[in-house]
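Shown next: model.cif, containing mmCIF, C-alpha atoms.
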```cif
data_input
loop_
_atom_site.label_atom_id
_atom_site.label_comp_id
_atom_site.auth_asym_id
_atom_site.auth_seq_id
_atom_site.Cartn_x
_atom_site.Cartn_y
_atom_site.Cartn_z
CA MET V 1 9.52 -52.03 23.36
CA THR V 2 13.29 -52.28 22.80
CA PHE V 3 14.98 -51.05 19.61
CA PHE V 4 15.29 -54.57 18.22
CA GLY V 5 12.07 -55.85 19.81
CA ASN V 6 9.91 -55.44 16.70
CA GLY V 7 10.64 -56.80 13.24
CA ALA V 8 8.80 -54.07 11.30
CA TRP V 9 11.08 -51.92 9.12
CA TRP V 10 9.60 -48.69 10.48
CA TRP V 11 9.95 -49.54 14.17
CA PRO V 12 13.62 -48.43 14.56
CA TYR V 13 12.75 -45.10 12.88
CA LEU V 14 9.75 -44.60 15.17
CA PHE V 15 12.02 -45.48 18.13
CA ILE V 16 14.55 -42.84 17.00
CA LEU V 17 11.75 -40.28 16.48
CA LEU V 18 10.13 -40.84 19.89
CA ALA V 19 13.20 -41.55 22.04
CA GLY V 20 15.55 -39.19 20.15
CA TRP V 21 13.93 -36.41 18.13
CA LEU V 22 10.81 -35.67 20.20
CA VAL V 23 12.55 -35.49 23.58
CA THR V 24 15.35 -33.34 22.12
CA ASP V 25 13.49 -30.82 19.95
CA ALA V 26 10.87 -30.40 22.70
CA TRP V 27 13.57 -28.76 24.84
CA ARG V 28 14.66 -26.56 21.92
CA PHE V 29 11.05 -25.45 21.30
CA LEU V 30 10.68 -24.71 25.02
CA GLY V 31 13.78 -22.55 24.73
CA VAL V 32 12.21 -20.50 21.90
CA PHE V 33 8.98 -20.26 23.90
CA ILE V 34 10.60 -18.88 27.04
CA GLY V 35 13.43 -17.11 25.14
CA GLY V 36 14.64 -14.19 27.20
CA ARG V 37 12.05 -14.66 29.98
CA VAL V 38 14.08 -16.86 32.40
CA SER V 39 17.42 -15.77 33.79
CA GLU V 40 20.31 -18.01 32.84
CA ASP V 41 21.71 -17.57 36.33
CA SER V 42 18.60 -18.79 38.16
CA ASP V 43 18.99 -21.82 40.44
CA ALA V 44 16.63 -23.87 38.24
CA MET V 45 18.87 -23.30 35.22
CA VAL V 46 21.97 -24.25 37.23
CA LEU V 47 20.31 -27.51 38.31
CA VAL V 48 19.23 -28.21 34.72
CA ARG V 49 22.81 -27.77 33.57
CA THR V 50 24.39 -29.90 36.32
CA ILE V 51 22.00 -32.84 35.72
CA ALA V 52 22.56 -32.72 31.96
CA THR V 53 26.33 -32.42 32.43
CA ALA V 54 26.51 -35.33 34.89
CA LEU V 55 24.43 -37.51 32.57
CA VAL V 56 26.61 -36.87 29.53
CA ALA V 57 29.71 -37.36 31.70
CA ALA V 58 28.28 -40.73 32.79
CA VAL V 59 28.02 -41.70 29.11
CA ILE V 60 31.66 -40.70 28.61
CA GLY V 61 32.74 -42.72 31.65
CA ASN V 62 30.86 -45.78 30.38
CA LEU V 63 32.31 -45.44 26.87
CA ILE V 64 35.82 -45.46 28.36
CA VAL V 65 35.36 -48.11 31.08
CA PHE V 66 32.89 -50.41 29.24
CA PRO V 67 33.52 -49.83 25.51
CA GLY V 68 32.34 -51.95 22.60
CA GLY V 69 34.00 -53.28 19.47
CA ALA V 70 37.73 -53.14 18.95
CA LEU V 71 38.20 -50.76 21.86
CA ALA V 72 37.01 -53.52 24.22
CA GLU V 73 40.12 -55.52 23.29
CA THR V 74 42.38 -52.94 24.94
CA SER V 75 43.12 -52.88 28.66
CA MET V 76 41.16 -50.54 30.90
CA ALA V 77 44.41 -49.01 32.17
CA LEU V 78 45.35 -48.03 28.61
CA ARG V 79 41.95 -46.47 27.87
CA VAL V 80 41.82 -44.52 31.13
CA GLY V 81 45.47 -43.51 30.68
CA ALA V 82 44.85 -42.32 27.11
CA ALA V 83 41.79 -40.32 28.18
CA ALA V 84 43.63 -38.82 31.18
CA ALA V 85 46.66 -37.90 29.04
CA GLY V 86 44.38 -36.28 26.45
CA PHE V 87 42.52 -34.32 29.09
CA ALA V 88 45.79 -33.18 30.71
CA ALA V 89 47.09 -31.99 27.32
CA TYR V 90 43.82 -30.17 26.72
CA LEU V 91 44.12 -28.36 30.07
CA ALA V 92 47.84 -27.65 29.70
CA LEU V 93 47.53 -26.21 26.18
CA ARG V 94 44.95 -23.55 27.00
CA HIS V 95 41.87 -25.72 26.47
CA SER V 96 42.89 -26.91 23.01
CA MET V 97 40.47 -29.68 22.05
CA LEU V 98 42.68 -30.66 19.14
CA ALA V 99 45.67 -31.21 21.46
CA GLY V 100 43.49 -33.32 23.74
CA ILE V 101 42.23 -35.55 20.96
CA VAL V 102 45.64 -35.96 19.28
CA THR V 103 47.32 -36.83 22.60
CA ALA V 104 44.68 -39.34 23.65
CA GLU V 105 44.76 -41.07 20.27
CA ALA V 106 48.58 -41.12 20.25
CA VAL V 107 48.72 -42.75 23.69
CA LEU V 108 46.07 -45.32 22.72
CA ILE V 109 47.74 -46.25 19.42
CA ALA V 110 51.22 -46.37 20.99
CA GLY V 111 49.91 -48.57 23.80
CA MET V 112 48.22 -50.94 21.35
CA LEU V 113 51.34 -51.17 19.16
CA ILE V 114 53.64 -51.81 22.13
CA GLY V 115 51.24 -54.38 23.57
CA ARG V 116 51.09 -56.24 20.27
CA THR V 117 54.76 -56.14 19.31
CA TRP V 118 56.50 -56.93 22.57
CA MET T 1 29.76 -13.10 -3.40
CA SER T 2 27.55 -10.68 -5.45
CA GLY T 3 24.41 -11.43 -7.45
CA GLY T 4 23.31 -9.63 -10.60
CA PRO T 5 22.82 -5.89 -10.35
CA SER T 6 19.15 -6.37 -11.21
CA SER T 7 18.33 -8.49 -8.11
CA PRO T 8 16.36 -6.66 -5.42
CA ILE T 9 18.78 -5.59 -2.72
CA THR T 10 16.96 -7.35 0.15
CA HIS T 11 16.85 -10.67 -1.71
CA LEU T 12 20.49 -10.33 -2.67
CA SER T 13 21.69 -9.64 0.83
CA THR T 14 19.64 -12.46 2.37
CA ALA T 15 21.27 -14.93 -0.02
CA THR T 16 24.66 -13.36 0.65
CA TRP T 17 24.31 -13.70 4.39
CA PHE T 18 23.04 -17.27 4.02
CA ARG T 19 26.21 -18.05 2.06
CA ARG T 20 28.33 -16.37 4.71
CA GLY T 21 26.64 -18.63 7.26
CA VAL T 22 27.57 -21.63 5.11
CA ARG T 23 31.16 -20.40 5.01
CA ALA T 24 31.23 -19.82 8.78
CA ALA T 25 30.40 -23.50 9.23
CA PHE T 26 33.69 -24.64 7.71
CA SER T 27 35.89 -24.22 10.75
CA LEU T 28 38.00 -26.14 13.26
CA PRO T 29 34.93 -26.91 15.43
CA LEU T 30 33.29 -28.54 12.38
CA LEU T 31 36.38 -30.70 11.89
CA MET T 32 36.27 -31.79 15.53
CA LEU T 33 32.54 -32.43 15.41
CA ALA T 34 32.86 -34.43 12.19
CA GLY T 35 35.61 -36.47 13.87
CA ALA T 36 33.34 -37.18 16.82
CA HIS T 37 30.54 -38.12 14.39
CA VAL T 38 32.91 -40.51 12.64
CA GLY T 39 33.31 -42.13 16.06
CA PHE T 40 29.53 -42.11 16.50
CA ALA T 41 29.15 -43.96 13.17
CA GLY T 42 31.42 -46.70 14.51
CA LEU T 43 29.43 -46.80 17.75
CA ALA T 44 26.07 -46.98 15.94
CA ARG T 45 27.33 -49.75 13.69
CA GLU T 46 28.59 -51.61 16.76
CA ALA T 47 25.13 -51.24 18.33
CA GLY T 48 23.47 -52.84 15.30
CA LEU T 49 21.92 -49.78 13.63
CA THR T 50 21.79 -49.72 9.83
CA LEU T 51 23.40 -47.05 7.64
CA THR T 52 20.13 -45.21 7.00
CA GLN T 53 19.09 -45.39 10.66
CA SER T 54 22.43 -43.89 11.73
CA VAL T 55 22.28 -41.05 9.18
CA PHE T 56 18.59 -40.46 10.01
CA ALA T 57 19.34 -40.21 13.75
CA THR T 58 22.25 -37.83 13.08
CA GLY T 59 20.07 -35.32 11.24
CA ILE T 60 16.75 -35.67 13.07
CA VAL T 61 18.11 -35.67 16.64
CA TRP T 62 21.08 -33.39 15.87
CA ALA T 63 22.70 -33.40 19.27
CA LEU T 64 25.62 -35.78 19.51
CA PRO T 65 25.28 -36.33 23.29
CA ALA T 66 21.59 -37.21 22.78
CA ASN T 67 22.49 -39.60 19.97
CA VAL T 68 25.26 -41.22 21.99
CA VAL T 69 22.87 -41.63 24.95
CA LEU T 70 20.25 -43.06 22.56
CA VAL T 71 22.70 -45.60 21.13
CA GLY T 72 23.97 -46.33 24.64
CA ALA T 73 20.39 -47.11 25.71
CA ILE T 74 19.92 -49.31 22.63
CA ILE T 75 23.12 -51.22 23.46
CA GLY T 76 21.89 -51.65 27.03
CA GLY T 77 18.60 -53.09 25.79
CA ALA T 78 16.53 -50.25 27.29
CA GLY T 79 12.83 -50.02 26.46
CA LEU T 80 11.38 -47.00 24.66
CA PRO T 81 10.30 -45.11 27.83
CA ALA T 82 13.65 -45.56 29.60
CA ALA T 83 15.59 -44.59 26.46
CA ALA T 84 13.39 -41.52 25.89
CA PHE T 85 13.77 -40.46 29.52
CA ALA T 86 17.56 -40.72 29.45
CA VAL T 87 17.78 -38.80 26.15
CA ALA T 88 15.37 -36.17 27.49
CA LEU T 89 17.56 -35.63 30.55
CA SER T 90 20.67 -35.27 28.40
CA SER T 91 18.93 -32.76 26.10
CA ILE T 92 17.57 -30.40 28.78
CA ARG T 93 20.85 -28.57 28.38
CA LEU T 94 19.60 -27.31 24.99
CA THR T 95 16.84 -25.17 26.56
CA PRO T 96 19.15 -22.63 28.25
CA MET T 97 21.29 -22.54 25.09
CA VAL T 98 18.28 -21.68 22.93
CA VAL T 99 17.06 -19.22 25.55
CA ALA T 100 20.39 -17.42 25.27
CA LEU T 101 20.50 -17.45 21.45
CA VAL T 102 16.91 -16.42 20.60
CA PRO T 103 17.19 -12.76 21.68
CA GLU T 104 20.35 -12.46 19.53
CA MET T 105 18.61 -13.96 16.50
CA ARG T 106 15.25 -12.22 16.64
CA GLY T 107 14.90 -9.19 14.33
CA SER T 108 11.97 -6.79 14.14
CA ARG T 109 10.36 -8.78 11.30
CA THR T 110 11.37 -12.30 12.38
CA ARG T 111 8.43 -14.71 12.38
CA THR T 112 8.22 -17.00 15.41
CA TRP T 113 7.86 -20.18 13.34
CA VAL T 114 11.23 -19.44 11.74
CA LEU T 115 12.80 -19.41 15.20
CA TYR T 116 11.15 -22.76 16.05
CA LEU T 117 12.48 -24.21 12.80
CA LEU T 118 16.01 -22.86 13.29
CA SER T 119 16.12 -23.99 16.93
CA HIS T 120 16.55 -27.55 15.61
CA PHE T 121 20.08 -26.58 14.56
CA VAL T 122 21.06 -25.60 18.10
CA ALA T 123 23.70 -27.96 19.52
CA VAL T 124 27.04 -27.27 21.15
CA THR T 125 29.06 -26.57 17.96
CA SER T 126 26.64 -24.25 16.10
CA TRP T 127 25.81 -22.51 19.36
CA VAL T 128 29.45 -21.78 20.17
CA ILE T 129 30.10 -20.46 16.64
CA ALA T 130 26.89 -18.39 16.68
CA MET T 131 27.45 -16.85 20.11
CA GLN T 132 30.90 -15.73 18.96
CA ALA T 133 30.06 -14.44 15.48
CA ILE T 134 26.37 -13.48 15.29
CA ARG T 135 26.92 -9.94 16.56
CA GLY T 136 28.89 -9.24 13.38
CA VAL T 137 25.79 -10.07 11.31
CA PRO T 138 23.14 -7.35 10.64
CA ARG T 139 20.16 -8.12 12.88
CA GLU T 140 17.67 -8.62 10.02
CA MET T 141 20.07 -11.08 8.35
CA ARG T 142 20.79 -13.25 11.39
CA THR T 143 18.16 -15.92 10.76
CA ALA T 144 19.42 -16.35 7.15
CA TRP T 145 23.00 -16.52 8.37
CA TYR T 146 22.18 -19.06 11.08
CA ALA T 147 20.17 -21.17 8.61
CA GLY T 148 23.26 -21.37 6.40
CA LEU T 149 25.50 -22.20 9.35
CA GLY T 150 23.23 -24.77 11.01
CA GLY T 151 22.05 -26.42 7.78
CA THR T 152 25.62 -26.87 6.59
CA LEU T 153 26.76 -28.39 9.90
CA VAL T 154 23.88 -30.91 9.84
CA LEU T 155 24.41 -31.87 6.20
CA VAL T 156 28.20 -32.27 6.43
CA ASN T 157 27.90 -34.45 9.55
CA MET T 158 25.16 -36.64 8.03
CA ILE T 159 27.52 -37.25 5.08
CA ALA T 160 30.43 -37.91 7.49
CA VAL T 161 28.37 -40.50 9.39
CA GLY T 162 27.30 -42.17 6.13
CA ILE T 163 30.84 -42.44 4.78
CA ALA T 164 32.34 -43.50 8.13
CA PHE T 165 29.61 -46.12 8.62
CA GLU T 166 30.49 -47.70 5.27
CA LEU T 167 34.23 -47.66 5.97
CA ALA T 168 34.05 -48.74 9.63
CA GLY T 169 33.45 -52.38 8.71
CA ASP T 170 36.73 -52.68 6.80
CA LEU T 171 39.01 -51.00 9.33
CA PRO T 172 41.87 -52.84 11.06
CA PRO T 173 41.38 -53.17 14.86
CA LEU T 174 43.88 -50.39 15.60
CA ALA T 175 42.02 -47.79 13.52
CA SER T 176 38.68 -49.07 14.71
CA ALA T 177 39.69 -48.66 18.37
CA ALA T 178 41.08 -45.18 17.67
CA LEU T 179 37.77 -44.29 16.01
CA LEU T 180 35.72 -45.42 19.00
CA LEU T 181 37.86 -43.31 21.35
CA LEU T 182 37.10 -40.10 19.40
CA THR T 183 33.60 -39.55 20.77
CA PRO T 184 34.40 -39.80 24.51
CA ILE T 185 37.47 -37.57 24.16
CA TYR T 186 35.55 -34.98 22.12
CA PHE T 187 32.93 -34.79 24.87
CA LEU T 188 35.47 -34.88 27.67
CA THR T 189 37.00 -31.67 26.32
CA SER T 190 33.94 -29.89 24.86
CA LEU T 191 31.86 -30.54 27.99
CA TRP T 192 34.59 -29.03 30.16
CA SER T 193 34.79 -26.03 27.80
CA SER T 194 31.04 -25.42 27.94
CA ALA T 195 30.75 -25.38 31.75
CA ARG T 196 29.29 -22.08 32.93
CA GLU T 197 30.02 -22.31 36.65
CA ARG T 198 32.29 -24.38 38.89
CA ALA T 199 29.35 -26.69 39.68
CA GLY T 200 29.57 -27.78 36.04
CA TYR T 201 33.06 -29.17 36.63
CA VAL T 202 31.86 -30.93 39.79
CA ALA T 203 28.92 -32.43 37.86
CA MET T 204 31.28 -33.68 35.18
CA VAL T 205 33.70 -35.35 37.60
CA LEU T 206 30.81 -36.95 39.53
CA GLY T 207 29.18 -38.19 36.31
CA LEU T 208 32.43 -39.70 35.02
CA ALA T 209 32.84 -41.73 38.23
CA LEU T 210 29.16 -42.54 38.87
CA GLY T 211 28.37 -43.71 35.32
CA PRO T 212 30.56 -46.85 35.47
CA LEU T 213 29.62 -47.45 39.14
CA PHE T 214 25.88 -47.37 38.46
CA HIS T 215 26.52 -49.43 35.34
CA LEU T 216 27.61 -52.23 37.67
CA TRP T 217 24.92 -51.65 40.33
CA THR T 218 21.84 -50.80 38.25
CA PRO T 219 22.40 -51.66 34.58
CA GLY T 220 19.66 -50.09 32.45
CA PHE T 221 19.19 -47.16 34.81
CA ASP T 222 22.86 -46.22 35.10
CA LEU T 223 22.64 -43.01 33.04
CA LEU T 224 19.52 -41.75 34.81
CA ALA T 225 20.90 -42.57 38.26
CA ALA T 226 24.31 -41.02 37.57
CA GLY T 227 22.72 -37.92 36.01
CA LEU T 228 20.33 -37.33 38.91
CA VAL T 229 22.74 -38.19 41.76
CA GLY T 230 25.66 -36.35 40.14
CA GLY T 231 23.49 -33.40 39.10
CA PHE T 232 21.91 -32.89 42.51
CA GLY T 233 25.30 -33.43 44.18
CA ALA T 234 26.88 -30.70 42.05
CA PHE T 235 23.87 -28.46 42.66
CA GLY T 236 24.34 -28.99 46.42
CA TYR T 237 27.96 -27.93 45.98
CA HIS T 238 26.73 -24.85 44.10
CA LEU T 239 24.37 -23.86 46.95
CA ALA T 240 26.98 -24.60 49.64
CA SER T 241 29.73 -22.60 47.94
CA ARG T 242 27.38 -19.66 47.46
CA ARG T 243 26.44 -19.72 51.15
CA ARG T 244 30.13 -19.87 52.04
CA ASP T 245 30.85 -16.89 49.77
CA ALA T 246 28.00 -14.95 51.35
CA THR T 247 29.24 -15.32 54.94
#
```
Would it be possible to restate this file's structure as structure tokens?
Amino acid sequence: MTFFGNGAWWWPYLFILLAGWLVTDAWRFLGVFIGGRVSEDSDAMVLVRTIATALVAAVIGNLIVFPGGALAETSMALRVGAAAAGFAAYLALRHSMLAGIVTAEAVLIAGMLIGRTW
Amino acid sequence: MSGGPSSPITHLSTATWFRRGVRAAFSLPLLMLAGAHVGFAGLAREAGLTLTQSVFATGIVWALPANVVLVGAIIGGAGLPAAAFAVALSSIRLTPMVVALVPEMRGSRTRTWVLYLLSHFVAVTSWVIAMQAIRGVPREMRTAWYAGLGGTLVLVNMIAVGIAFELAGDLPPLASAALLLLTPIYFLTSLWSSARERAGYVAMVLGLALGPLFHLWTPGFDLLAAGLVGGFGAFGYHLASRRRDAT
């Protein structure tokens, strides 16, 4: 039942439909259904938001600590440092996402160049 | 911006507001989102997805966190139920977003099926743009405007993923690594921006730390475990801080 566990050409698409589309649009349809009837400030909505936020944050943490591809060739200190520098720039420059991304990428690229050259 | 003078005025203005929605899509948030999708293309390719599968997932799921969780589950060798459960948990956040947007979008003549159709476009970027700008759109034209906005965002990002997927194979390691860092940094900043209460910040910090920890302890269930433990932990903080404020 894994993504690569079936040789049929349609299996990956069915996997994406069931494990991606269905369980995502179902929540959107629920939102239309209850639209305006549940208070955004209710405890249930707060819990919904904290679980979803923690889960996506866990993905971010894993992508930085256990990356794939070319990023896996860099040291963990460099990746965490680049992410931390980007986040600090984002906070310092009035929540500018662009500043955060540019800073993180600059630190990563500089670190990789320095590591390779010297 | 104007059609022929002979076109019926309602038809003309619907098309006009659709086009204004299309124009509203071309913005800094789209540039950031496309950048994060370029990173996603590299991630999907790394995971072993094909070009068409990656573009298909981009458009049909249309929530980058959900897609990143899906590809993360695929990389981890998760079965269909575990992958679906993790993606479902990450997508619950869409319900309160749609709940907030629907009353803004509904006009007196809006059919409900149109709202169900348009809800597919709801994800962080289109939601942020819509919540800021939709009040400047006449109420009866809001669905047309949002269709233009959402449809454009989906289409542009599907194209971005397709192009980036093709190019990702030929990139030098430096560019490839920079590409793969885009997605986590985009989410690091956009997730912080979208937090509604302080508990959201707590949830994010807990998730960042617990994800890698659970990855070592319980590979395959790391996302679920970190989401539930971090989510309930932050919710406990929310309840405790409210009680403290009350006394």
Exercise. Using all atoms listed in the file, give me every residue within 10 Å of (27.3, -41.0, 11.1) in file coordinates, as an MDAnalysis selection string.
Key: chainID T and resid 34:45 51:59 156:166
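For the pair atom CA of V:Leu22 and atom CA of T:Gly233, the separation is 28.1 Å.
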So that each row is one residue of chain V with an atom at most 6 Å from chain T, can you give its shortest atom pair and the distance in Å to one decimal, using all atoms listed in the file, rows by chain and rising number, as JSON lines?
```
{"residue": "V:Met1", "atom": "CA", "partner": "T:Gly79", "partner_atom": "CA", "distance": 5.0}
{"residue": "V:Thr2", "atom": "CA", "partner": "T:Gly79", "partner_atom": "CA", "distance": 4.3}
{"residue": "V:Ala19", "atom": "CA", "partner": "T:Ala84", "partner_atom": "CA", "distance": 3.9}
{"residue": "V:Gly20", "atom": "CA", "partner": "T:Val61", "partner_atom": "CA", "distance": 5.6}
{"residue": "V:Trp21", "atom": "CA", "partner": "T:Val61", "partner_atom": "CA", "distance": 4.5}
{"residue": "V:Val23", "atom": "CA", "partner": "T:Ala88", "partner_atom": "CA", "distance": 4.9}
{"residue": "V:Thr24", "atom": "CA", "partner": "T:Ser91", "partner_atom": "CA", "distance": 5.4}
{"residue": "V:Trp27", "atom": "CA", "partner": "T:Thr95", "partner_atom": "CA", "distance": 5.2}
{"residue": "V:Arg28", "atom": "CA", "partner": "T:Thr95", "partner_atom": "CA", "distance": 5.3}
{"residue": "V:Phe29", "atom": "CA", "partner": "T:Tyr116", "partner_atom": "CA", "distance": 5.9}
{"residue": "V:Gly31", "atom": "CA", "partner": "T:Thr95", "partner_atom": "CA", "distance": 4.4}
{"residue": "V:Gly35", "atom": "CA", "partner": "T:Val99", "partner_atom": "CA", "distance": 4.2}
{"residue": "V:Gly36", "atom": "CA", "partner": "T:Val99", "partner_atom": "CA", "distance": 5.8}
{"residue": "V:Leu47", "atom": "CA", "partner": "T:Phe235", "partner_atom": "CA", "distance": 5.7}
{"residue": "V:Arg49", "atom": "CA", "partner": "T:Arg93", "partner_atom": "CA", "distance": 5.6}
{"residue": "V:Thr50", "atom": "CA", "partner": "T:Gly231", "partner_atom": "CA", "distance": 4.6}
{"residue": "V:Ile51", "atom": "CA", "partner": "T:Gly231", "partner_atom": "CA", "distance": 3.7}
{"residue": "V:Ala52", "atom": "CA", "partner": "T:Ser90", "partner_atom": "CA", "distance": 4.8}
{"residue": "V:Thr53", "atom": "CA", "partner": "T:Met204", "partner_atom": "CA", "distance": 5.8}
{"residue": "V:Ala54", "atom": "CA", "partner": "T:Gly207", "partner_atom": "CA", "distance": 4.2}
{"residue": "V:Leu55", "atom": "CA", "partner": "T:Gly227", "partner_atom": "CA", "distance": 3.9}
{"residue": "V:Ala57", "atom": "CA", "partner": "T:Gly207", "partner_atom": "CA", "distance": 4.7}
{"residue": "V:Ala58", "atom": "CA", "partner": "T:Gly211", "partner_atom": "CA", "distance": 3.9}
{"residue": "V:Ile60", "atom": "CA", "partner": "T:Pro184", "partner_atom": "CA", "distance": 5.0}
{"residue": "V:Gly61", "atom": "CA", "partner": "T:Leu208", "partner_atom": "CA", "distance": 4.5}
{"residue": "V:Asn62", "atom": "CA", "partner": "T:Pro212", "partner_atom": "CA", "distance": 5.2}
{"residue": "V:Ala70", "atom": "CA", "partner": "T:Ala177", "partner_atom": "CA", "distance": 4.9}
{"residue": "V:Leu71", "atom": "CA", "partner": "T:Ala177", "partner_atom": "CA", "distance": 4.3}
{"residue": "V:Met97", "atom": "CA", "partner": "T:Thr189", "partner_atom": "CA", "distance": 5.9}
```
Quiz prompt | Reference answer for the PyMOL selection byres ((chain V and resi 108-114) around 8), as JSON, numbers by chain | solution = {"V": [74, 78, 79, 82, 104, 105, 106, 107, 115, 116, 117, 118], "T": [174, 178]}
If the PyMOL selection byres ((chain T and resi 141) around 9) were run on this exact file, what residues would it hold? Put them as a PDB file with C-alpha atoms, keeping the file's coordinate frame.
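As written to disk, result_31.pdb reads:
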```
ATOM      1  CA  SER T  13      21.690  -9.640   0.830  1.00  0.00           C
ATOM      2  CA  THR T  14      19.640 -12.460   2.370  1.00  0.00           C
ATOM      3  CA  TRP T  17      24.310 -13.700   4.390  1.00  0.00           C
ATOM      4  CA  PHE T  18      23.040 -17.270   4.020  1.00  0.00           C
ATOM      5  CA  MET T 105      18.610 -13.960  16.500  1.00  0.00           C
ATOM      6  CA  GLY T 107      14.900  -9.190  14.330  1.00  0.00           C
ATOM      7  CA  VAL T 137      25.790 -10.070  11.310  1.00  0.00           C
ATOM      8  CA  PRO T 138      23.140  -7.350  10.640  1.00  0.00           C
ATOM      9  CA  ARG T 139      20.160  -8.120  12.880  1.00  0.00           C
ATOM     10  CA  GLU T 140      17.670  -8.620  10.020  1.00  0.00           C
ATOM     11  CA  ARG T 142      20.790 -13.250  11.390  1.00  0.00           C
ATOM     12  CA  THR T 143      18.160 -15.920  10.760  1.00  0.00           C
ATOM     13  CA  ALA T 144      19.420 -16.350   7.150  1.00  0.00           C
ATOM     14  CA  TRP T 145      23.000 -16.520   8.370  1.00  0.00           C
ATOM     15  CA  TYR T 146      22.180 -19.060  11.080  1.00  0.00           C
TER      16      TYR T 146
END
```
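Pairwise distance (atom CA of V:Ala8, atom CA of T:Gly169) equals 24.8 Å.
Relative to atom CA of T:Ala147, atom CA of T:Ser108 is found at 17.5 Å.
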Self-check item: Contact residues around T:Arg19 with all atoms listed in the file at 7 Å, ignoring same-chain residues under 4 positions, as JSON, numbers by chain
Solution: {"T": [15, 23, 148]}
Quiz item: What does the PyMOL selection byres ((chain V and resi 89) around 10) select in this file, as a PyMOL selection string?
Solution: chain V and resi 83-88+90-104
Writer output for current selection, C-alpha atoms, as a compact mmCIF listing (two decimals), keeping the file's coordinate frame:
```txt
# COMPACT_ATOMS: atom_id res chain seq x y z
CA ALA V 83 41.79 -40.32 28.18
CA ALA V 84 43.63 -38.82 31.18
CA ALA V 85 46.66 -37.90 29.04
CA GLY V 86 44.38 -36.28 26.45
CA PHE V 87 42.52 -34.32 29.09
CA ALA V 88 45.79 -33.18 30.71
CA TYR V 90 43.82 -30.17 26.72
CA LEU V 91 44.12 -28.36 30.07
CA ALA V 92 47.84 -27.65 29.70
CA LEU V 93 47.53 -26.21 26.18
CA ARG V 94 44.95 -23.55 27.00
CA HIS V 95 41.87 -25.72 26.47
CA SER V 96 42.89 -26.91 23.01
CA MET V 97 40.47 -29.68 22.05
CA LEU V 98 42.68 -30.66 19.14
CA ALA V 99 45.67 -31.21 21.46
CA GLY V 100 43.49 -33.32 23.74
CA ILE V 101 42.23 -35.55 20.96
CA VAL V 102 45.64 -35.96 19.28
CA THR V 103 47.32 -36.83 22.60
CA ALA V 104 44.68 -39.34 23.65
```
